[in-house]
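Q: Encoded as structure tokens, here's the structure I'll be asking about.
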Amino acid sequence: MKFIIFVTGPPYGAQNSSTSFLFSKSLLSQNFSLKGVFFYFSAVYNANDMLYPTTDDFNIIQSWVLLKKKYNINLYLCSSAAHRRGVIDDDTALKLGYLKGNFSSYFEWFSLYELALLTCSCDRIIQF
């Protein structure tokens with residue numbers, strides 16, 4: 001069975017990201033296919049390279065990156081939602097007069113149109 005995970009909550013302050021991470025990890029450990037994780041609304045903060053939790057907090061952002069590396073999954077970020085929330089790449093940052101952006105290179109820009117096309121090749125899309 002092929003899945004897409006659709007995350008809408010921020011990395012901290014809500015359970016959406018951590019629950020979707022644990023669900024994704026469980027899917028992959030049971031050899032299901034995970035076509036990608038799509039971050040939308042406040043979930044785009046998961047791709048903010050400048051978020052650093054305290055040492056006693058679960059580092060959800062690092063966990064997503066480790067999951068990506070281990071299972072070679074795609075972490076997609078809605079470009080429109082990200083720009084509205086200040087998650088920008090280096091090129092955009094330079095155009096705006098900043099030295100560097102805060103977009104993590106482990107994520108990919110993705111549009112809702114591309115998400116719609118991806119859903120056609122999957123059996124389930126699960127939203128958190």
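Chain labels follow the order of the structure tokens: the first chain is A, the next B, and so on; residue numbering restarts at 1 in every chain, and ligands are counted from 1 in their shown order.
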Residues within 12 Å of A:Pro53, please, as a PDB file with N, CA and C atoms, in the first residue's frame. Count only C-alpha atoms; anything in the same chain fewer than 6 positions from it doesn't count.
A:
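Full text of out_7.pdb as output:
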ATOM      1  N   PRO A  11       6.017  22.244  14.252  1.00  0.00           N
ATOM      2  CA  PRO A  11       6.870  21.233  14.883  1.00  0.00           C
ATOM      3  C   PRO A  11       6.756  21.226  16.409  1.00  0.00           C
ATOM      4  N   TYR A  12       6.457  22.358  16.991  1.00  0.00           N
ATOM      5  CA  TYR A  12       6.321  22.442  18.446  1.00  0.00           C
ATOM      6  C   TYR A  12       5.038  23.186  18.795  1.00  0.00           C
ATOM      7  N   GLY A  13       4.411  22.806  19.905  1.00  0.00           N
ATOM      8  CA  GLY A  13       3.191  23.451  20.349  1.00  0.00           C
ATOM      9  C   GLY A  13       1.935  22.706  19.948  1.00  0.00           C
ATOM     10  N   ASN A  46       8.764  23.034  10.007  1.00  0.00           N
ATOM     11  CA  ASN A  46       9.621  21.853  10.115  1.00  0.00           C
ATOM     12  C   ASN A  46      10.853  21.973   9.226  1.00  0.00           C
ATOM     13  N   ASN A  59      13.763  16.436  19.269  1.00  0.00           N
ATOM     14  CA  ASN A  59      14.109  17.234  18.093  1.00  0.00           C
ATOM     15  C   ASN A  59      13.398  16.658  16.871  1.00  0.00           C
ATOM     16  N   ILE A  60      12.194  17.127  16.632  1.00  0.00           N
ATOM     17  CA  ILE A  60      11.373  16.607  15.545  1.00  0.00           C
ATOM     18  C   ILE A  60      11.988  16.908  14.181  1.00  0.00           C
ATOM     19  N   ILE A  61      12.621  18.054  14.046  1.00  0.00           N
ATOM     20  CA  ILE A  61      13.198  18.439  12.758  1.00  0.00           C
ATOM     21  C   ILE A  61      14.353  17.504  12.394  1.00  0.00           C
ATOM     22  N   GLN A  62      15.226  17.265  13.345  1.00  0.00           N
ATOM     23  CA  GLN A  62      16.335  16.331  13.117  1.00  0.00           C
ATOM     24  C   GLN A  62      15.805  14.919  12.863  1.00  0.00           C
TER      25      GLN A  62
END
Q: Based on the backbone DSSP call, show me all residues of stretch 41-86 of chain A assigned strand (DSSP E or B), as a list in words.
A: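 Those in stretch 41-86 of chain A that DSSP calls strand (DSSP E or B) are Asn48, Leu75, Tyr76, Leu77 and Cys78 of chain A.
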Q: Considering only C-alpha atoms, tabulate each residue of stretch 5-66 of chain A that lies at most 10 Å from stretch 109-124 of chain A along with its nearest interatomic pair and the corresponding distance in Å to one decimal; arrange the rows by chain and ascending residue number and present them as a Markdown table.
A:
| residue | atom | partner | partner_atom | distance |
| --- | --- | --- | --- | --- |
| A:Ile5 | CA | A:Arg124 | CA | 8.6 |
| A:Phe6 | CA | A:Leu115 | CA | 9.6 |
| A:Ser33 | CA | A:Cys122 | CA | 9.1 |
| A:Leu34 | CA | A:Cys122 | CA | 8.9 |
| A:Lys35 | CA | A:Cys122 | CA | 7.5 |
| A:Gly36 | CA | A:Leu118 | CA | 8.8 |
| A:Val37 | CA | A:Leu115 | CA | 10.0 |
| A:Phe38 | CA | A:Leu115 | CA | 7.8 |
| A:Phe39 | CA | A:Phe110 | CA | 9.2 |
| A:Tyr40 | CA | A:Leu112 | CA | 9.2 |
Q: Measuring atom to atom with only C-alpha atoms, identify which of A:Thr55, A:Thr92, A:Ser63, A:Ser104 is nearest to A:Leu22.
A: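 Closest to A:Leu22, using only C-alpha atoms: A:Ser63.
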Q: For atom CA of A:Ser26 and atom CA of A:Leu66, quote the distance in Å rounded to one decimal.
A: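 These atoms are spaced 14.2 Å apart.
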Q: Quick check, in Å to one decimal: how far apart do atom CA of A:Leu51 and atom CA of A:Val7 lie?
A: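 Separation between atom CA of A:Leu51 and atom CA of A:Val7: 17.6 Å.
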Q: Using only C-alpha atoms, can you tell me which of A:Leu27, A:Leu94, A:Ala82, A:Ile4 comes closest to A:Leu67?
A: A:Leu27
Q: To one decimal in Å, tell me the separation between atom CA of A:Ser17 and atom CA of A:Lys68.
A: 14.5 Å
Q: When DSSP is applied to the backbone of this structure, which of chain A are assigned helix (DSSP H, G or I)? Write them out as an NGL selection string.
A: :A and (16-29 or 41-47 or 60-71 or 79-84 or 90-95 or 112-119)
Q: Here is a test: counting only C-alpha atoms, which residue of A:Met1, A:Ala43, A:Ala93, A:Val65 is nearest to A:Ala14?
A: A:Ala43
Q: Between A:Asn31, A:Pro10, A:Tyr98, A:Ser24, which has the minimum distance to A:Ile125 (counting only C-alpha atoms)?
A: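 The closest residue to A:Ile125 is A:Ser24.
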Q: Given the choices A:Asn72, A:Ile88, A:Gln30, A:Ser79, which gets closest to A:Asn48 if the distance is worked out from only C-alpha atoms?
A: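 Ranked by minimum distance to A:Asn48, first place goes to A:Ile88.
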